[in-house]
$ cat start11.txt   # compact mmCIF, C-alpha atoms
# COMPACT_ATOMS: atom_id res chain seq x y z
CA MET A 1 0.00 0.00 0.00
CA ASN A 2 1.20 3.48 -0.79
CA GLU A 3 2.48 5.06 2.45
CA ASN A 4 0.60 8.31 1.86
CA VAL A 5 -2.67 6.39 1.43
CA HIS A 6 -1.95 4.45 4.62
CA ARG A 7 -1.26 7.68 6.49
CA ASP A 8 -4.45 9.29 5.18
CA ARG A 9 -6.46 6.35 6.51
CA ARG A 10 -4.77 6.61 9.92
CA GLN A 11 -5.58 10.29 10.21
CA GLY A 12 -9.31 9.59 10.48
CA THR A 13 -9.06 6.66 12.88
CA PRO A 14 -11.09 6.83 16.11
CA ALA A 15 -7.86 6.85 18.14
CA ALA A 16 -6.64 9.94 16.26
CA LEU A 17 -10.01 11.65 16.78
CA VAL A 18 -9.96 10.82 20.50
CA ALA A 19 -6.41 12.17 20.80
CA GLY A 20 -7.49 15.41 19.15
CA LEU A 21 -10.46 15.80 21.49
CA PHE A 22 -8.31 15.36 24.60
CA GLY A 23 -5.81 17.86 23.21
CA THR A 24 -8.51 20.40 22.33
CA ALA A 25 -10.20 20.04 25.72
CA GLY A 26 -6.86 20.52 27.47
CA ARG A 27 -7.70 17.68 29.85
CA SER A 28 -6.38 14.20 30.58
CA VAL A 29 -9.83 12.99 31.72
CA LEU A 30 -13.12 13.25 29.80
CA PRO A 31 -16.57 11.92 30.74
CA GLY A 32 -17.69 8.99 28.58
CA PRO A 33 -21.03 10.52 27.50
CA ALA A 34 -19.34 13.79 26.48
CA LEU A 35 -16.64 11.91 24.58
CA VAL A 36 -19.26 9.87 22.70
CA ALA A 37 -21.20 13.05 21.86
CA LEU A 38 -18.05 14.81 20.62
CA LEU A 39 -17.11 11.80 18.48
CA GLY A 40 -20.64 12.07 17.08
CA ASP A 41 -19.86 15.65 16.07
CA LEU A 42 -16.89 14.20 14.16
CA GLY A 43 -19.01 11.65 12.31
CA LEU A 44 -19.03 8.52 14.52
CA ARG A 45 -22.33 6.94 15.48
CA PRO A 46 -22.76 6.37 19.24
CA ASP A 47 -22.39 2.58 18.96
CA ALA A 48 -19.27 2.93 16.83
CA ALA A 49 -17.82 5.48 19.27
CA ARG A 50 -18.42 3.18 22.26
CA ARG A 51 -16.82 0.24 20.46
CA ALA A 52 -13.81 2.38 19.57
CA LEU A 53 -13.39 3.50 23.18
CA ALA A 54 -13.65 -0.12 24.34
CA ARG A 55 -10.90 -1.15 21.90
CA MET A 56 -8.71 1.69 23.15
CA ARG A 57 -9.21 0.51 26.74
CA GLU A 58 -8.24 -3.02 25.74
CA ALA A 59 -5.13 -1.67 24.00
CA GLY A 60 -4.08 0.25 27.13
CA GLN A 61 -4.55 3.65 25.49
CA LEU A 62 -7.29 4.64 27.93
CA THR A 63 -8.26 3.69 31.45
CA THR A 64 -11.62 4.32 33.10
CA THR A 65 -13.08 5.16 36.47
CA ARG A 66 -16.75 4.89 37.33
CA ARG A 67 -18.67 7.78 38.85
CA GLY A 68 -22.14 6.48 39.64
CA ARG A 69 -23.57 5.31 36.32
CA ARG A 70 -21.05 7.38 34.37
CA VAL A 71 -17.61 6.30 33.17
CA ASP A 72 -14.72 8.75 32.91
CA HIS A 73 -11.94 8.08 30.40
CA HIS A 74 -8.29 8.81 31.25
CA LEU A 75 -5.32 9.03 28.89
CA ALA A 76 -2.91 6.16 29.51
CA GLY A 77 0.37 4.62 28.44
CA ALA A 78 2.44 5.67 25.44
CA PHE A 79 -0.73 6.94 23.74
CA GLY A 80 -1.34 9.36 26.60
CA ALA A 81 2.31 10.41 26.62
CA SER A 82 2.15 11.20 22.89
CA VAL A 83 -1.03 13.28 23.30
CA LEU A 84 0.54 15.28 26.12
CA ARG A 85 3.76 15.71 24.11
CA LEU A 86 1.83 17.26 21.22
CA ARG A 87 -0.42 19.32 23.47
CA ASP A 88 2.50 20.80 25.39
CA ASP A 89 4.78 21.26 22.36
CA ARG A 90 5.84 24.88 22.16
CA GLY A 91 8.32 24.30 19.34
CA THR A 92 11.27 24.92 21.67
CA PRO A 93 14.03 22.50 20.64
CA PRO A 94 16.02 20.66 23.29
CA ARG A 95 19.69 21.41 23.86
CA TRP A 96 22.09 19.09 22.06
CA ASP A 97 24.56 17.66 24.59
CA GLY A 98 26.41 15.48 22.11
CA ALA A 99 24.65 12.17 22.80
CA PHE A 100 21.48 10.27 21.94
CA HIS A 101 19.46 8.47 24.57
CA THR A 102 19.04 4.88 23.43
CA LEU A 103 16.83 1.86 23.87
CA LEU A 104 18.82 -1.25 22.97
CA HIS A 105 16.45 -4.18 22.73
CA HIS A 106 16.72 -7.89 22.12
CA VAL A 107 13.34 -9.61 21.92
CA PRO A 108 13.22 -13.14 20.42
CA GLU A 109 10.57 -14.30 17.98
CA SER A 110 8.86 -16.20 20.81
CA ALA A 111 7.97 -12.80 22.33
CA ARG A 112 6.98 -11.14 19.08
CA PRO A 113 3.70 -9.62 20.43
CA TYR A 114 5.72 -7.81 23.09
CA ARG A 115 8.35 -6.74 20.52
CA ASP A 116 5.67 -5.21 18.29
CA ARG A 117 4.03 -3.47 21.24
CA PHE A 118 7.38 -2.14 22.49
CA ARG A 119 8.40 -0.77 19.10
CA ARG A 120 5.04 0.91 18.47
CA ALA A 121 5.06 2.53 21.89
CA ALA A 122 8.66 3.72 21.58
CA VAL A 123 8.07 5.35 18.20
CA LEU A 124 4.85 6.90 19.49
CA VAL A 125 6.62 8.71 22.32
CA GLY A 126 9.39 9.96 20.02
CA TYR A 127 12.17 7.38 19.58
CA GLY A 128 13.54 6.72 16.10
CA PRO A 129 14.78 3.36 14.75
CA TRP A 130 18.48 3.78 14.01
CA GLN A 131 19.11 0.11 13.19
CA PRO A 132 17.59 -3.24 14.23
CA GLY A 133 17.58 -3.41 18.00
CA VAL A 134 18.54 0.25 18.49
CA LEU A 135 16.14 3.17 19.05
CA ILE A 136 17.44 6.69 19.63
CA SER A 137 16.06 9.98 20.95
CA PRO A 138 17.62 13.41 21.58
CA VAL A 139 16.08 13.37 25.08
CA ASP A 140 15.21 10.59 27.53
CA ARG A 141 11.57 9.66 26.83
CA SER A 142 11.58 6.35 28.69
CA ALA A 143 9.13 7.71 31.30
CA GLY A 144 6.41 7.49 28.64
CA LEU A 145 7.18 3.77 28.30
CA ARG A 146 6.89 2.92 31.99
CA ASP A 147 4.09 0.39 31.50
CA VAL A 148 5.79 -1.30 28.55
CA LEU A 149 9.17 -1.47 30.27
CA ALA A 150 7.57 -3.06 33.31
CA ASP A 151 6.40 -5.99 31.14
CA VAL A 152 9.70 -7.08 29.57
CA PRO A 153 9.46 -10.90 29.17
CA PRO A 154 12.09 -13.02 30.95
CA GLU A 155 13.61 -14.12 27.65
CA ALA A 156 13.98 -10.53 26.39
CA SER A 157 16.04 -7.51 27.40
CA VAL A 158 15.83 -3.75 26.99
CA VAL A 159 18.84 -1.61 27.84
CA LEU A 160 18.74 2.16 28.38
CA GLY A 161 21.89 4.06 27.53
CA ARG A 162 23.58 6.96 25.79
CA LEU A 163 25.17 6.81 22.37
CA VAL A 164 27.85 9.37 21.55
CA PRO A 165 28.38 9.77 17.78
CA ASP A 166 32.04 9.88 16.79
CA ASP A 167 33.82 10.77 13.56
CA GLY A 168 35.75 7.52 13.68
CA TRP A 169 33.41 4.56 13.40
CA GLY A 170 30.01 6.18 13.93
CA GLY A 171 29.14 5.74 17.57
CA SER A 172 30.06 4.57 21.03
CA VAL A 173 27.87 3.62 23.96
CA GLY A 174 28.46 5.09 27.37
CA SER A 175 27.07 3.69 30.60
CA VAL A 176 23.78 1.83 30.33
CA GLY A 177 20.90 0.78 32.51
CA SER A 178 19.14 -2.57 32.16
CA VAL A 179 15.41 -3.20 32.05
CA GLY A 180 14.28 -6.76 32.56
CA ASP A 181 13.14 -9.18 35.26
CA GLY A 182 11.51 -6.23 36.97
CA ALA A 183 14.77 -4.28 37.44
CA LEU A 184 15.38 -0.76 36.16
CA LEU A 185 18.80 0.85 36.54
CA ALA A 186 19.17 4.50 35.64
CA PRO A 187 21.21 5.31 32.51
CA GLY A 188 24.39 7.31 32.91
CA GLY A 189 27.76 8.14 31.44
CA SER A 190 28.72 10.35 28.56
CA GLY A 191 31.46 8.99 26.33
CA GLY A 192 34.02 10.24 23.89
CA THR A 193 34.26 13.04 21.37
CA SER A 194 30.94 13.94 19.77
CA SER A 195 30.38 14.74 16.12
CA THR A 196 27.35 16.87 15.26
CA THR A 197 27.74 16.00 11.59
CA VAL A 198 27.51 12.28 12.27
CA ALA A 199 24.60 12.82 14.69
CA ALA A 200 22.68 14.85 12.11
CA ALA A 201 23.15 12.09 9.52
CA MET A 202 21.93 9.52 12.04
CA ALA A 203 18.85 11.60 12.81
CA ARG A 204 18.10 12.12 9.13
CA ARG A 205 17.95 8.34 8.63
CA ALA A 206 16.30 7.35 11.92
CA TRP A 207 13.34 9.68 11.43
CA ALA A 208 13.29 9.84 7.60
CA LEU A 209 13.53 13.61 7.96
CA ASP A 210 13.43 14.40 4.24
CA ASP A 211 10.03 12.66 3.92
CA VAL A 212 8.74 14.27 7.12
CA ALA A 213 9.79 17.73 5.91
CA ALA A 214 7.89 17.28 2.64
CA ASP A 215 4.74 16.27 4.51
CA LEU A 216 5.02 19.15 6.98
CA ARG A 217 5.35 21.65 4.13
CA ALA A 218 2.22 20.24 2.50
CA HIS A 219 0.33 20.56 5.80
CA HIS A 220 1.49 24.17 6.12
CA ALA A 221 0.04 25.03 2.72
CA ARG A 222 -3.30 23.41 3.62
CA LEU A 223 -3.49 25.28 6.93
CA LEU A 224 -3.01 28.57 5.10
CA ASP A 225 -6.01 27.64 2.93
CA VAL A 226 -8.09 26.93 6.06
CA LEU A 227 -7.18 30.35 7.45
CA ASP A 228 -8.67 31.97 4.35
CA ARG A 229 -12.12 30.56 5.22
CA PRO A 230 -14.49 32.08 7.82
CA VAL A 231 -14.92 30.15 11.07
CA PRO A 232 -18.38 28.50 11.35
CA ASP A 233 -20.62 29.95 14.04
CA ASP A 234 -21.88 26.47 14.97
CA GLY A 235 -19.58 24.82 17.54
CA ALA A 236 -19.96 21.30 16.17
CA ALA A 237 -19.20 22.44 12.63
CA ALA A 238 -16.17 24.40 13.84
CA LEU A 239 -14.92 21.34 15.75
CA LYS A 240 -15.30 19.14 12.66
CA ARG A 241 -13.39 21.57 10.44
CA LEU A 242 -10.66 22.02 13.06
CA SER A 243 -10.31 18.25 13.44
CA ASP A 244 -10.19 17.71 9.68
CA ALA A 245 -7.60 20.45 9.27
CA THR A 246 -5.28 19.72 12.18
CA GLY A 247 -5.74 15.98 12.85
CA PRO A 248 -3.48 15.01 9.92
CA VAL A 249 -0.94 17.61 11.05
CA TYR A 250 -0.65 16.15 14.53
CA VAL A 251 -0.33 12.61 13.17
CA ASP A 252 2.70 13.74 11.20
CA LEU A 253 4.05 15.91 14.02
CA LEU A 254 4.42 12.65 15.96
CA ARG A 255 7.02 11.80 13.30
CA ASP A 256 8.87 15.03 14.13
CA PRO A 257 11.16 14.04 17.03
CA GLY A 258 11.71 17.57 18.28
CA LEU A 259 15.41 17.52 17.45
CA PRO A 260 17.98 20.07 18.57
CA VAL A 261 18.53 22.67 15.86
CA GLU A 262 22.05 21.34 15.26
CA LEU A 263 20.60 18.06 13.96
CA LEU A 264 17.87 19.45 11.71
CA PRO A 265 18.21 19.75 7.92
CA ALA A 266 18.41 23.23 6.46
CA ASP A 267 15.05 25.01 5.98
CA TRP A 268 13.25 22.68 8.40
CA PRO A 269 9.53 23.61 8.16
CA GLY A 270 8.60 22.87 11.77
CA ALA A 271 8.58 26.48 12.97
CA ASP A 272 6.43 27.70 10.06
CA LEU A 273 3.97 24.85 10.57
CA ARG A 274 3.63 25.49 14.29
CA ALA A 275 3.10 29.19 13.61
CA ALA A 276 0.25 28.31 11.23
CA LEU A 277 -1.21 25.93 13.81
CA GLY A 278 -1.10 28.76 16.33
CA ARG A 279 -3.03 31.04 13.98
CA VAL A 280 -5.65 28.31 13.37
CA ALA A 281 -5.96 27.83 17.13
CA VAL A 282 -6.49 31.56 17.71
CA ALA A 283 -9.22 31.57 15.07
CA TYR A 284 -11.04 28.35 16.01
CA LEU A 285 -10.46 27.51 19.66
CA PRO A 286 -12.80 30.08 21.24
CA THR A 287 -15.77 28.56 19.40
CA VAL A 288 -14.55 24.96 19.65
CA VAL A 289 -13.55 25.00 23.32
CA ALA A 290 -16.89 26.57 24.28
CA HIS A 291 -18.63 23.73 22.43
CA VAL A 292 -16.47 21.05 24.08
CA HIS A 293 -17.11 22.51 27.54
CA ALA A 294 -20.83 22.68 26.79
CA ARG A 295 -20.78 18.97 25.93
CA ILE A 296 -19.03 18.24 29.23
CA ALA A 297 -21.46 20.43 31.16
CA ASP A 298 -24.38 18.58 29.60
CA VAL A 299 -23.38 15.39 31.44
CA GLY A 300 -22.85 17.15 34.76
$ encode --input "start11.txt" --output "structure tokens"
Amino acid sequence: MNENVHRDRRQGTPAALVAGLFGTAGRSVLPGPALVALLGDLGLRPDAARRALARMREAGQLTTTRRGRRVDHHLAGAFGASVLRLRDDRGTPPRWDGAFHTLLHHVPESARPYRDRFRRAAVLVGYGPWQPGVLISPVDRSAGLRDVLADVPPEASVVLGRLVPDDGWGGSVGSVGSVGDGALLAPGGSGGTSSTTVAAAMARRAWALDDVAADLRAHHARLLDVLDRPVPDDGAAALKRLSDATGPVYVDLLRDPGLPVELLPADWPGADLRAALGRVAVAYLPTVVAHVHARIADVG
């Protein structure tokens, strides 16, 4: 399947819609009836919305608490960490200290379900696959993987560490911490001489930055088109347009690792895209947030 087609299908998934609603509401907890009603505003029938929320609970993306006859939904796991990362993203790049934080993993075929779950969760919170068994990030994002790291099978291992790129042979690993059999040792150490040039090349490959940049530029152009249209007076209609316009953007912003400026390609479009998102938010959020809060107020 063409990757762009696959991505377009993902952008309208119930999980992506739910993520957008939590981000728009600015909350990590939403009442079930309000969430179902808001998903209805976005085109999901109530039965389909409830089934989608049930699947997300089973996948560990949401947890619930009961309040009388009502169920409240809470963000959970790597899914919740990714929603909060996007919601709190101010476009301020981290400082480059010369090393990548790493997840070195060895998971045999006998534990393939865990391996798939681990990889999905790690990429979701911002790690990039450098090579088989090695995931890298400019900052330590292992806290967003707490639940996954607690479930490492006995026959598998996950090691947290720091990788210092070097001009010589491409990388060296400093001190590491081990995750497995219920033990978690904190990563530490620094390493030898760093090379920003090597690190930037590693980042370009790990996160396919050229492809991401092309997609972010396309999103920027579409957001400018949205800004040329008047905001609907109806809250539900404004929410639907905002979701349609920004949902695909946030899906692809998850592919943007938030790299230090030293590791980004020239003319990186992230700042322009975030500026356009800010203008869309200024235009749409007063109407949309009022509608979301009205939905929440309706259920008490």
$ atom_distance --input "start11.txt" --atom1 "CA of Phe100 in chain A" --atom2 "CA of Leu253 in chain A"
20.0 Å
$ residues_around --input "start11.txt" --residues "Pro153 in chain A" --least-positions-apart "2" --cutoff "12 Å" --atoms "all atoms listed in the file" --output "PDB file with C-alpha atoms, in the coordinates of the input"
ATOM      1  CA  HIS A 105      16.450  -4.180  22.730  1.00  0.00           C
ATOM      2  CA  HIS A 106      16.720  -7.890  22.120  1.00  0.00           C
ATOM      3  CA  VAL A 107      13.340  -9.610  21.920  1.00  0.00           C
ATOM      4  CA  PRO A 108      13.220 -13.140  20.420  1.00  0.00           C
ATOM      5  CA  GLU A 109      10.570 -14.300  17.980  1.00  0.00           C
ATOM      6  CA  SER A 110       8.860 -16.200  20.810  1.00  0.00           C
ATOM      7  CA  ALA A 111       7.970 -12.800  22.330  1.00  0.00           C
ATOM      8  CA  ARG A 112       6.980 -11.140  19.080  1.00  0.00           C
ATOM      9  CA  PRO A 113       3.700  -9.620  20.430  1.00  0.00           C
ATOM     10  CA  TYR A 114       5.720  -7.810  23.090  1.00  0.00           C
ATOM     11  CA  ARG A 115       8.350  -6.740  20.520  1.00  0.00           C
ATOM     12  CA  PHE A 118       7.380  -2.140  22.490  1.00  0.00           C
ATOM     13  CA  VAL A 148       5.790  -1.300  28.550  1.00  0.00           C
ATOM     14  CA  LEU A 149       9.170  -1.470  30.270  1.00  0.00           C
ATOM     15  CA  ALA A 150       7.570  -3.060  33.310  1.00  0.00           C
ATOM     16  CA  ASP A 151       6.400  -5.990  31.140  1.00  0.00           C
ATOM     17  CA  GLU A 155      13.610 -14.120  27.650  1.00  0.00           C
ATOM     18  CA  ALA A 156      13.980 -10.530  26.390  1.00  0.00           C
ATOM     19  CA  SER A 157      16.040  -7.510  27.400  1.00  0.00           C
ATOM     20  CA  VAL A 158      15.830  -3.750  26.990  1.00  0.00           C
ATOM     21  CA  VAL A 179      15.410  -3.200  32.050  1.00  0.00           C
ATOM     22  CA  GLY A 180      14.280  -6.760  32.560  1.00  0.00           C
ATOM     23  CA  ASP A 181      13.140  -9.180  35.260  1.00  0.00           C
ATOM     24  CA  GLY A 182      11.510  -6.230  36.970  1.00  0.00           C
ATOM     25  CA  ALA A 183      14.770  -4.280  37.440  1.00  0.00           C
TER      26      ALA A 183
END
$ closest_residue --input "start11.txt" --among "A:Met56, A:Leu35, A:Leu124, A:Ala275" --to "Arg85 in chain A" --atoms "only C-alpha atoms"
A:Leu124
$ closest_residue --input "start11.txt" --among "A:Ala199, A:His101, A:Gln131, A:Leu216" --to "Pro248 in chain A" --atoms "only C-alpha atoms"
A:Leu216
$ residues_around --input "start11.txt" --residues "Ala290 in chain A" --least-positions-apart "5" --cutoff "10 Å" --atoms "only C-alpha atoms" --output "MDAnalysis selection string"
chainID A and resid 25 235 285 295:296
